[in-house]
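K.L.:
Contents are mmCIF, C-alpha atoms (C1' of nucleotides); file name my_file_26.cif:
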```cif
data_input
#
loop_
_atom_site.label_atom_id
_atom_site.label_comp_id
_atom_site.auth_asym_id
_atom_site.auth_seq_id
_atom_site.Cartn_x
_atom_site.Cartn_y
_atom_site.Cartn_z
CA MET A 21 5.33 -3.34 22.58
CA LEU A 22 5.18 -4.42 18.94
CA ILE A 23 3.91 -1.86 16.42
CA ALA A 24 3.54 -2.85 12.77
CA THR A 25 2.33 -1.56 9.43
CA TRP A 26 1.09 -3.72 6.57
CA ASN A 27 -0.43 -2.94 3.20
CA VAL A 28 -2.64 -6.03 2.90
CA ASN A 29 -4.03 -5.34 -0.62
CA SER A 30 -7.65 -6.22 0.25
CA ILE A 31 -8.54 -7.19 3.80
CA LYS A 32 -11.03 -9.80 2.58
CA ALA A 33 -8.52 -11.51 0.26
CA ARG A 34 -5.95 -11.51 3.10
CA HIS A 35 -8.33 -12.63 5.87
CA GLU A 36 -6.58 -15.96 6.43
CA HIS A 37 -2.98 -14.68 6.23
CA LEU A 38 -3.78 -11.69 8.42
CA GLY A 39 -5.40 -13.86 11.11
CA ALA A 40 -2.46 -16.26 11.14
CA TRP A 41 0.00 -13.36 11.30
CA LEU A 42 -1.89 -11.71 14.20
CA ASP A 43 -1.77 -15.02 16.08
CA ARG A 44 1.90 -15.60 15.35
CA ARG A 45 3.23 -12.08 15.96
CA ARG A 46 0.55 -10.79 18.34
CA PRO A 47 1.30 -7.11 17.53
CA ASP A 48 0.06 -4.60 20.08
CA VAL A 49 -0.76 -2.25 17.22
CA VAL A 50 -1.04 -2.81 13.48
CA CYS A 51 -1.70 -0.13 10.88
CA LEU A 52 -3.35 -1.55 7.76
CA GLN A 53 -3.60 -0.09 4.28
CA GLU A 54 -5.48 -0.92 1.09
CA LEU A 55 -8.45 -2.52 2.80
CA LYS A 56 -10.43 -2.21 -0.47
CA SER A 57 -13.63 -2.41 1.53
CA ILE A 58 -16.42 -0.27 2.83
CA GLU A 59 -16.61 -0.12 6.63
CA ALA A 60 -19.90 -2.07 6.74
CA LYS A 61 -18.24 -5.08 5.10
CA LEU A 62 -15.04 -5.20 7.15
CA PRO A 63 -14.37 -8.55 8.87
CA VAL A 64 -14.52 -6.94 12.32
CA GLU A 65 -14.57 -10.29 14.15
CA LEU A 66 -11.11 -11.03 12.75
CA PHE A 67 -9.90 -8.39 15.21
CA THR A 68 -12.45 -8.37 18.04
CA SER A 69 -12.20 -12.15 18.52
CA ARG A 70 -8.50 -11.63 19.21
CA GLY A 71 -9.02 -8.76 21.60
CA TYR A 72 -8.25 -5.90 19.21
CA GLN A 73 -10.04 -2.58 18.99
CA LEU A 74 -10.48 -1.69 15.31
CA GLU A 75 -10.77 1.85 13.99
CA ALA A 76 -11.19 2.07 10.23
CA LEU A 77 -11.81 4.42 7.34
CA GLY A 78 -13.19 2.53 4.38
CA GLN A 79 -14.09 3.21 0.76
CA PRO A 80 -15.53 1.01 -2.01
CA THR A 81 -12.97 -0.81 -4.21
CA TYR A 82 -9.91 1.31 -3.46
CA ASN A 83 -7.74 2.53 -0.59
CA GLY A 84 -9.02 2.15 2.98
CA VAL A 85 -6.98 2.29 6.20
CA ALA A 86 -7.36 0.95 9.73
CA ILE A 87 -5.63 0.73 13.08
CA ALA A 88 -6.07 -2.36 15.25
CA SER A 89 -4.83 -2.22 18.83
CA LEU A 90 -4.83 -4.39 21.94
CA ARG A 91 -4.67 -1.20 24.00
CA PRO A 92 -7.37 1.48 23.87
CA ILE A 93 -7.35 3.88 20.92
CA THR A 94 -8.58 7.39 21.69
CA ASP A 95 -8.87 10.71 19.84
CA VAL A 96 -9.43 9.04 16.47
CA GLU A 97 -9.17 11.29 13.42
CA ARG A 98 -10.33 10.08 10.02
CA GLY A 99 -9.13 11.41 6.68
CA LEU A 100 -6.80 14.15 5.52
CA PRO A 101 -9.42 16.74 4.56
CA GLU A 102 -6.80 19.20 3.30
CA GLY A 103 -5.32 16.76 0.81
CA ASP A 104 -6.87 13.31 0.35
CA GLU A 105 -9.45 14.62 -2.13
CA GLY A 106 -12.07 12.27 -0.74
CA GLN A 107 -9.96 9.10 -0.77
CA ALA A 108 -9.70 7.00 2.40
CA ARG A 109 -5.97 7.24 3.04
CA VAL A 110 -5.35 8.47 6.60
CA ILE A 111 -6.58 7.48 10.05
CA SER A 112 -4.94 8.24 13.35
CA GLY A 113 -5.48 7.70 17.05
CA VAL A 114 -3.69 7.99 20.37
CA ILE A 115 -2.45 4.75 21.95
CA ASP A 116 -0.47 4.82 25.21
CA GLY A 117 0.10 8.55 24.81
CA VAL A 118 1.51 8.28 21.28
CA ARG A 119 -0.43 9.53 18.25
CA ILE A 120 -0.18 6.84 15.59
CA VAL A 121 -0.91 8.07 12.09
CA CYS A 122 -1.69 5.32 9.59
CA ALA A 123 -1.27 6.52 6.01
CA TYR A 124 -1.68 5.06 2.56
CA CYS A 125 0.03 7.64 0.39
CA PRO A 126 -0.87 7.77 -3.33
CA GLN A 127 1.24 5.56 -5.57
CA GLY A 128 1.53 8.20 -8.28
CA SER A 129 1.29 6.10 -11.46
CA GLU A 130 3.82 7.76 -13.78
CA VAL A 131 5.69 11.01 -13.29
CA GLU A 132 3.92 12.73 -16.19
CA SER A 133 0.46 11.65 -15.01
CA PRO A 134 -2.13 13.64 -13.01
CA LYS A 135 -1.81 11.01 -10.28
CA PHE A 136 1.79 12.07 -9.65
CA ALA A 137 0.68 15.68 -9.17
CA TYR A 138 -1.97 14.37 -6.75
CA LYS A 139 0.72 12.43 -4.88
CA LEU A 140 2.73 15.63 -4.40
CA ARG A 141 -0.38 17.57 -3.33
CA PHE A 142 -1.16 14.82 -0.83
CA PHE A 143 2.29 15.11 0.76
CA ASP A 144 2.06 18.89 0.78
CA ALA A 145 -1.07 18.48 2.91
CA LEU A 146 0.24 15.58 5.01
CA ILE A 147 3.41 17.42 6.09
CA PRO A 148 1.63 20.34 7.84
CA HIS A 149 -1.02 17.91 9.14
CA ILE A 150 1.75 15.94 10.89
CA ALA A 151 3.52 19.13 11.98
CA ALA A 152 0.37 20.36 13.74
CA ARG A 153 0.03 17.09 15.66
CA LEU A 154 3.70 16.97 16.66
CA ALA A 155 3.01 19.94 18.92
CA CYS A 156 0.71 17.68 20.99
CA GLY A 157 3.26 15.00 21.85
CA PRO A 158 5.02 11.85 20.62
CA LEU A 159 3.98 10.54 17.20
CA ILE A 160 4.51 7.62 14.84
CA LEU A 161 3.80 7.90 11.13
CA ALA A 162 3.22 4.37 9.86
CA GLY A 163 2.16 3.16 6.49
CA ASP A 164 2.66 2.65 2.80
CA ILE A 165 4.39 5.96 2.11
CA ASN A 166 5.11 4.92 -1.50
CA ILE A 167 8.56 6.56 -1.46
CA ALA A 168 11.89 4.70 -1.44
CA PRO A 169 14.12 7.26 0.29
CA LEU A 170 17.63 5.88 -0.28
CA PRO A 171 19.59 4.34 -3.19
CA ASP A 172 19.59 0.85 -1.70
CA ASP A 173 15.84 1.04 -1.03
CA VAL A 174 15.28 0.18 -4.71
CA TRP A 175 16.60 -2.85 -6.58
CA ASP A 176 18.35 -0.66 -9.15
CA ASP A 177 18.80 3.02 -8.39
CA VAL A 178 20.08 3.74 -11.91
CA GLU A 179 17.04 2.17 -13.55
CA MET A 180 14.79 3.92 -11.00
CA LYS A 181 16.34 7.37 -11.43
CA ASP A 182 13.56 9.99 -11.80
CA GLN A 183 10.92 7.25 -11.71
CA VAL A 184 7.83 7.24 -9.52
CA SER A 185 8.56 6.32 -5.88
CA TYR A 186 12.20 7.36 -6.39
CA HIS A 187 11.81 10.83 -7.85
CA PRO A 188 13.65 13.91 -6.50
CA LEU A 189 10.31 15.66 -5.86
CA GLU A 190 9.23 12.71 -3.71
CA HIS A 191 12.58 12.60 -1.93
CA GLU A 192 12.06 16.28 -1.17
CA ARG A 193 8.76 15.41 0.59
CA PHE A 194 10.34 12.52 2.51
CA ARG A 195 13.14 14.83 3.70
CA ALA A 196 10.49 17.35 4.75
CA LEU A 197 8.91 14.71 6.99
CA GLU A 198 12.36 14.02 8.46
CA GLY A 199 12.83 17.77 8.79
CA LEU A 200 9.85 17.83 11.14
CA GLY A 201 11.87 15.60 13.47
CA LEU A 202 10.58 12.22 12.32
CA ILE A 203 13.25 9.51 12.36
CA ASP A 204 13.43 6.38 10.22
CA VAL A 205 14.28 3.94 13.02
CA VAL A 206 13.78 0.88 10.82
CA LYS A 207 16.44 1.45 8.15
CA PRO A 208 19.51 1.21 10.45
CA ARG A 209 18.20 -2.11 11.82
CA LEU A 210 17.79 -3.80 8.41
CA ALA A 211 20.27 -5.69 6.27
CA PRO A 212 21.15 -3.66 3.14
CA ARG A 213 18.62 -4.05 0.32
CA THR A 214 15.80 -5.20 2.55
CA TYR A 215 12.55 -4.35 0.77
CA THR A 216 8.89 -4.19 1.82
CA PHE A 217 7.13 -4.35 -1.57
CA TRP A 218 7.56 -6.51 -4.65
CA ASP A 219 5.30 -6.09 -7.67
CA TYR A 220 3.19 -9.13 -8.55
CA ARG A 221 4.40 -8.83 -12.14
CA GLU A 222 7.63 -9.96 -13.72
CA LEU A 223 8.46 -12.45 -10.95
CA SER A 224 9.65 -9.47 -8.94
CA PHE A 225 9.90 -11.28 -5.61
CA ARG A 226 11.87 -14.22 -6.99
CA ARG A 227 14.16 -11.81 -8.81
CA LYS A 228 14.58 -9.68 -5.68
CA ARG A 229 13.24 -6.63 -7.53
CA GLY A 230 11.61 -4.80 -4.63
CA MET A 231 11.47 -1.43 -2.96
CA ARG A 232 11.39 -0.21 0.65
CA ILE A 233 8.34 2.04 0.57
CA ASP A 234 6.54 1.07 3.81
CA HIS A 235 7.84 3.03 6.77
CA LEU A 236 7.64 3.73 10.48
CA LEU A 237 8.81 7.27 11.17
CA VAL A 238 8.92 8.33 14.81
CA THR A 239 9.63 11.35 16.98
CA ALA A 240 12.84 11.46 19.03
CA ASP A 241 11.15 10.50 22.31
CA VAL A 242 9.76 7.36 20.64
CA ALA A 243 13.07 6.66 18.85
CA ALA A 244 14.80 6.55 22.24
CA ARG A 245 12.50 3.66 23.24
CA VAL A 246 12.99 1.53 20.09
CA THR A 247 14.54 -1.85 20.86
CA GLY A 248 14.21 -3.53 17.45
CA ALA A 249 12.73 -3.41 13.97
CA GLY A 250 12.33 -5.63 10.95
CA VAL A 251 10.35 -6.79 7.92
CA ASP A 252 8.34 -10.04 7.96
CA ILE A 253 9.43 -11.08 4.48
CA GLU A 254 8.09 -14.62 4.98
CA GLU A 255 4.58 -13.20 4.48
CA ARG A 256 5.49 -12.41 0.85
CA LYS A 257 6.50 -16.05 0.25
CA LYS A 258 3.04 -17.47 0.94
CA GLU A 259 0.40 -18.55 -1.57
CA LYS A 260 -1.75 -15.56 -2.60
CA PRO A 261 0.25 -13.03 -0.56
CA SER A 262 -0.11 -9.29 -0.37
CA ASP A 263 2.47 -7.55 -2.56
CA HIS A 264 3.71 -5.86 0.64
CA ALA A 265 5.30 -7.43 3.74
CA PRO A 266 4.65 -6.23 7.31
CA VAL A 267 7.17 -3.79 8.79
CA TRP A 268 7.50 -3.58 12.55
CA LEU A 269 9.33 -2.06 15.48
CA THR A 270 9.46 -2.89 19.16
CA LEU A 271 9.27 -0.32 21.95
CA GLY A 272 10.42 -0.56 25.56
CA GLU A 273 8.39 1.21 28.22
"C1'" DA B 23 4.80 -8.49 -26.53
"C1'" DT B 24 3.46 -0.33 -24.51
"C1'" DG B 25 3.99 -6.77 -21.85
"C1'" DG B 26 3.44 -8.87 -16.87
"C1'" DT B 27 -0.23 -10.13 -11.99
"C1'" DA B 28 -3.64 -9.18 -8.53
"C1'" DG B 29 -8.09 -7.29 -6.53
"C1'" DC B 30 -12.58 -5.46 -7.07
"C1'" DA B 31 -16.38 -6.44 -9.57
"C1'" DC B 32 -17.85 -7.91 -13.79
"C1'" DG B 33 -15.36 -3.61 -17.66
"C1'" DG B 34 -11.86 -1.04 -16.56
"C1'" DC B 35 -9.30 1.11 -13.09
"C1'" DT B 36 -5.60 1.03 -9.76
"C1'" DA B 37 -1.41 -0.56 -8.24
#
```
Would you kindly transcribe this structure into structure tokens?
P.N.:
Amino acid sequence: MLIATWNVNSIKARHEHLGAWLDRRRPDVVCLQELKSIEAKLPVELFTSRGYQLEALGQPTYNGVAIASLRPITDVERGLPEGDEGQARVISGVIDGVRIVCAYCPQGSEVESPKFAYKLRFFDALIPHIAARLACGPLILAGDINIAPLPDDVWDDVEMKDQVSYHPLEHERFRALEGLGLIDVVKPRLAPRTYTFWDYRELSFRRKRGMRIDHLLVTADVAARVTGAGVDIEERKKEKPSDHAPVWLTLGE
DNA sequence: ATGGTAGCACGGCTA
């Protein structure tokens, strides 16, 4: 069973790449972020024609999240009412007995900005939201978490010190998620300095200036079933790519 | 060069 997460940076702009990737990888589940679309304008046939059930939470212009699955999705929950402040950033559903939470966490702009305070508030709501659902069974938190947890998850940890996405207050929130029992099963399966995001600016991809901010965090019962994980970096090499690459794991039964 | 690129939507915001 292949489960992936991908910040597509506009589902309409990525229609062609996403379709080709679905055909090539045939994920059982993919969590998508930054749809940048209202639900009425989503390209639903992109998924249904391939046999996927699509559950989405849209918003005009910004944000937007979705889960597409070959297997039935039940118990869908939309939004993070305690902390998303009206932005479409969280959707979750149960697939094969596992609650999969798809999240697009705020980017945070700059540390001094109001958006950084919002980012921290969002995590302070997300953490108890996840904790409450952990009591109900196995769980996967998948998405653009917008935090690089470890020194080699950024291209230069000295330059990034105290910067957004690599700030101690964000690391504190990431550790809190791990403290709930969520395990980063992807990191130990990657070559050092494998990233998931490269800014469009400053030739970041060519210069290997990326960050690992897209994550799949899983409970111990799920971690015991993980047989592989990786990042589809080739997606970032295409013409008009998303600035993020898909991250995936495979599960045995 | 307080820049650079991309997407939405058509000016400015977000990332």
K.L.:
Each residue of chain B with at least one atom at most 9 Å from chain A should appear once, together with its nearest atom pair and the corresponding distance in Å (one decimal); atoms considered: only C-alpha atoms (C1' of nucleotides); ordering: chain, then increasing residue number; output as a Markdown table.
P.N.:
```
| residue | atom | partner | partner_atom | distance |
| --- | --- | --- | --- | --- |
| B:DG26 | C1' | A:Arg221 | CA | 4.8 |
| B:DT27 | C1' | A:Arg221 | CA | 4.8 |
| B:DA28 | C1' | A:Tyr220 | CA | 6.8 |
| B:DG29 | C1' | A:Ser30 | CA | 6.9 |
| B:DC30 | C1' | A:Thr81 | CA | 5.5 |
| B:DA31 | C1' | A:Thr81 | CA | 8.5 |
| B:DT36 | C1' | A:Tyr82 | CA | 7.6 |
| B:DA37 | C1' | A:Gln127 | CA | 7.2 |
```
K.L.:
If I take atom CA of Val49 of chain A and atom CA of Ile23 of chain A, how far is one from the other in Å, to one decimal?
P.N.:
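That distance, rounded to one decimal, is 4.8 Å.
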K.L.:
Just to confirm, what's the straight-line distance from atom CA of Met231 of chain A to atom CA of Trp175 of chain A in Å (one decimal)?
P.N.:
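We find that atom CA of Met231 of chain A and atom CA of Trp175 of chain A lie 6.4 Å from each other.
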K.L.:
Expand the PyMOL selection byres ((chain A and resi 166) around 7) into the individual residues it matches in the shown file, reporting them as a list of chain:residue names.
P.N.:
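Listing what the PyMOL selection byres ((chain A and resi 166) around 7) selects in the shown file: A:Cys125, A:Pro126, A:Gln127, A:Asp164, A:Ile165, A:Ile167, A:Ala168, A:Ser185, A:Ile233, A:Asp234.
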K.L.:
Determine, counting all atoms listed in the file, which protein, DNA and RNA residues have an atom within 12 Å of an atom of Lys258 of chain A; residues of the same chain fewer than 4 positions away are not included. Present the result as a list in words.
P.N.:
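Near Lys258 of chain A, the qualifying residues are Arg34, Glu36, His37, Leu38, Ala40, Trp41, Phe225, Asp252, Ile253, Glu254, Ser262, Asp263, His264 and Ala265 of chain A.
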K.L.:
Exactly which residues make up the result of the PyMOL selection byres ((chain A and resi 194-202) around 12) on this file, given as a ChimeraX atom specification?
P.N.:
/A:125,140,143-155,158-162,165-170,185-193,203-206,233,235-243
K.L.:
Keeping only C-alpha atoms, take the residues you just selected and write them out as a JSON list (two decimals), in the frame of the given file.
P.N.:
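Written output follows (again.json):
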```json
[["chain", "number", "residue", "atom", "x", "y", "z"],
["A", 125, "CYS", "CA", 0.03, 7.64, 0.39],
["A", 140, "LEU", "CA", 2.73, 15.63, -4.40],
["A", 143, "PHE", "CA", 2.29, 15.11, 0.76],
["A", 144, "ASP", "CA", 2.06, 18.89, 0.78],
["A", 145, "ALA", "CA", -1.07, 18.48, 2.91],
["A", 146, "LEU", "CA", 0.24, 15.58, 5.01],
["A", 147, "ILE", "CA", 3.41, 17.42, 6.09],
["A", 148, "PRO", "CA", 1.63, 20.34, 7.84],
["A", 149, "HIS", "CA", -1.02, 17.91, 9.14],
["A", 150, "ILE", "CA", 1.75, 15.94, 10.89],
["A", 151, "ALA", "CA", 3.52, 19.13, 11.98],
["A", 152, "ALA", "CA", 0.37, 20.36, 13.74],
["A", 153, "ARG", "CA", 0.03, 17.09, 15.66],
["A", 154, "LEU", "CA", 3.70, 16.97, 16.66],
["A", 155, "ALA", "CA", 3.01, 19.94, 18.92],
["A", 158, "PRO", "CA", 5.02, 11.85, 20.62],
["A", 159, "LEU", "CA", 3.98, 10.54, 17.20],
["A", 160, "ILE", "CA", 4.51, 7.62, 14.84],
["A", 161, "LEU", "CA", 3.80, 7.90, 11.13],
["A", 162, "ALA", "CA", 3.22, 4.37, 9.86],
["A", 165, "ILE", "CA", 4.39, 5.96, 2.11],
["A", 166, "ASN", "CA", 5.11, 4.92, -1.50],
["A", 167, "ILE", "CA", 8.56, 6.56, -1.46],
["A", 168, "ALA", "CA", 11.89, 4.70, -1.44],
["A", 169, "PRO", "CA", 14.12, 7.26, 0.29],
["A", 170, "LEU", "CA", 17.63, 5.88, -0.28],
["A", 185, "SER", "CA", 8.56, 6.32, -5.88],
["A", 186, "TYR", "CA", 12.20, 7.36, -6.39],
["A", 187, "HIS", "CA", 11.81, 10.83, -7.85],
["A", 188, "PRO", "CA", 13.65, 13.91, -6.50],
["A", 189, "LEU", "CA", 10.31, 15.66, -5.86],
["A", 190, "GLU", "CA", 9.23, 12.71, -3.71],
["A", 191, "HIS", "CA", 12.58, 12.60, -1.93],
["A", 192, "GLU", "CA", 12.06, 16.28, -1.17],
["A", 193, "ARG", "CA", 8.76, 15.41, 0.59],
["A", 203, "ILE", "CA", 13.25, 9.51, 12.36],
["A", 204, "ASP", "CA", 13.43, 6.38, 10.22],
["A", 205, "VAL", "CA", 14.28, 3.94, 13.02],
["A", 206, "VAL", "CA", 13.78, 0.88, 10.82],
["A", 233, "ILE", "CA", 8.34, 2.04, 0.57],
["A", 235, "HIS", "CA", 7.84, 3.03, 6.77],
["A", 236, "LEU", "CA", 7.64, 3.73, 10.48],
["A", 237, "LEU", "CA", 8.81, 7.27, 11.17],
["A", 238, "VAL", "CA", 8.92, 8.33, 14.81],
["A", 239, "THR", "CA", 9.63, 11.35, 16.98],
["A", 240, "ALA", "CA", 12.84, 11.46, 19.03],
["A", 241, "ASP", "CA", 11.15, 10.50, 22.31],
["A", 242, "VAL", "CA", 9.76, 7.36, 20.64],
["A", 243, "ALA", "CA", 13.07, 6.66, 18.85]]
```
K.L.:
Please return segment 31-49 of chain A, rebuilt to N, CA and C atoms, as an mmCIF file, keeping the file's coordinate frame.
P.N.:
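Saved as out.cif:
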```
data_model
loop_
_atom_site.group_PDB
_atom_site.id
_atom_site.type_symbol
_atom_site.label_atom_id
_atom_site.label_comp_id
_atom_site.auth_asym_id
_atom_site.auth_seq_id
_atom_site.Cartn_x
_atom_site.Cartn_y
_atom_site.Cartn_z
ATOM 1 N N ILE A 31 -8.447 -6.521 2.488
ATOM 2 C CA ILE A 31 -8.540 -7.190 3.800
ATOM 3 C C ILE A 31 -9.326 -8.491 3.676
ATOM 4 N N LYS A 32 -10.252 -8.562 2.727
ATOM 5 C CA LYS A 32 -11.030 -9.800 2.580
ATOM 6 C C LYS A 32 -10.173 -10.892 1.931
ATOM 7 N N ALA A 33 -9.383 -10.519 0.920
ATOM 8 C CA ALA A 33 -8.520 -11.510 0.260
ATOM 9 C C ALA A 33 -7.408 -11.985 1.194
ATOM 10 N N ARG A 34 -7.069 -11.160 2.196
ATOM 11 C CA ARG A 34 -5.950 -11.510 3.100
ATOM 12 C C ARG A 34 -6.427 -11.980 4.455
ATOM 13 N N HIS A 35 -7.737 -12.264 4.577
ATOM 14 C CA HIS A 35 -8.330 -12.630 5.870
ATOM 15 C C HIS A 35 -7.522 -13.726 6.558
ATOM 16 N N GLU A 36 -7.242 -14.793 5.826
ATOM 17 C CA GLU A 36 -6.580 -15.960 6.430
ATOM 18 C C GLU A 36 -5.131 -15.642 6.828
ATOM 19 N N HIS A 37 -4.376 -15.018 5.916
ATOM 20 C CA HIS A 37 -2.980 -14.680 6.230
ATOM 21 C C HIS A 37 -2.883 -13.685 7.376
ATOM 22 N N LEU A 38 -3.817 -12.712 7.375
ATOM 23 C CA LEU A 38 -3.780 -11.690 8.420
ATOM 24 C C LEU A 38 -4.076 -12.298 9.787
ATOM 25 N N GLY A 39 -5.075 -13.189 9.845
ATOM 26 C CA GLY A 39 -5.400 -13.860 11.110
ATOM 27 C C GLY A 39 -4.229 -14.678 11.636
ATOM 28 N N ALA A 40 -3.601 -15.420 10.741
ATOM 29 C CA ALA A 40 -2.460 -16.260 11.140
ATOM 30 C C ALA A 40 -1.296 -15.386 11.620
ATOM 31 N N TRP A 41 -1.100 -14.267 10.924
ATOM 32 C CA TRP A 41 0.000 -13.360 11.300
ATOM 33 C C TRP A 41 -0.276 -12.695 12.647
ATOM 34 N N LEU A 42 -1.530 -12.290 12.893
ATOM 35 C CA LEU A 42 -1.890 -11.710 14.200
ATOM 36 C C LEU A 42 -1.638 -12.720 15.318
ATOM 37 N N ASP A 43 -1.974 -13.982 15.054
ATOM 38 C CA ASP A 43 -1.770 -15.020 16.080
ATOM 39 C C ASP A 43 -0.292 -15.294 16.318
ATOM 40 N N ARG A 44 0.479 -15.279 15.248
ATOM 41 C CA ARG A 44 1.900 -15.600 15.350
ATOM 42 C C ARG A 44 2.698 -14.461 15.968
ATOM 43 N N ARG A 45 2.422 -13.234 15.527
ATOM 44 C CA ARG A 45 3.230 -12.080 15.960
ATOM 45 C C ARG A 45 2.611 -11.348 17.140
ATOM 46 N N ARG A 46 1.300 -11.455 17.258
ATOM 47 C CA ARG A 46 0.550 -10.790 18.340
ATOM 48 C C ARG A 46 0.993 -9.331 18.496
ATOM 49 N N PRO A 47 0.915 -8.528 17.408
ATOM 50 C CA PRO A 47 1.300 -7.110 17.530
ATOM 51 C C PRO A 47 0.369 -6.386 18.494
ATOM 52 N N ASP A 48 0.913 -5.441 19.236
ATOM 53 C CA ASP A 48 0.060 -4.600 20.080
ATOM 54 C C ASP A 48 -0.738 -3.632 19.217
ATOM 55 N N VAL A 49 -0.104 -3.176 18.143
ATOM 56 C CA VAL A 49 -0.760 -2.250 17.220
ATOM 57 C C VAL A 49 -0.382 -2.646 15.798
#
```
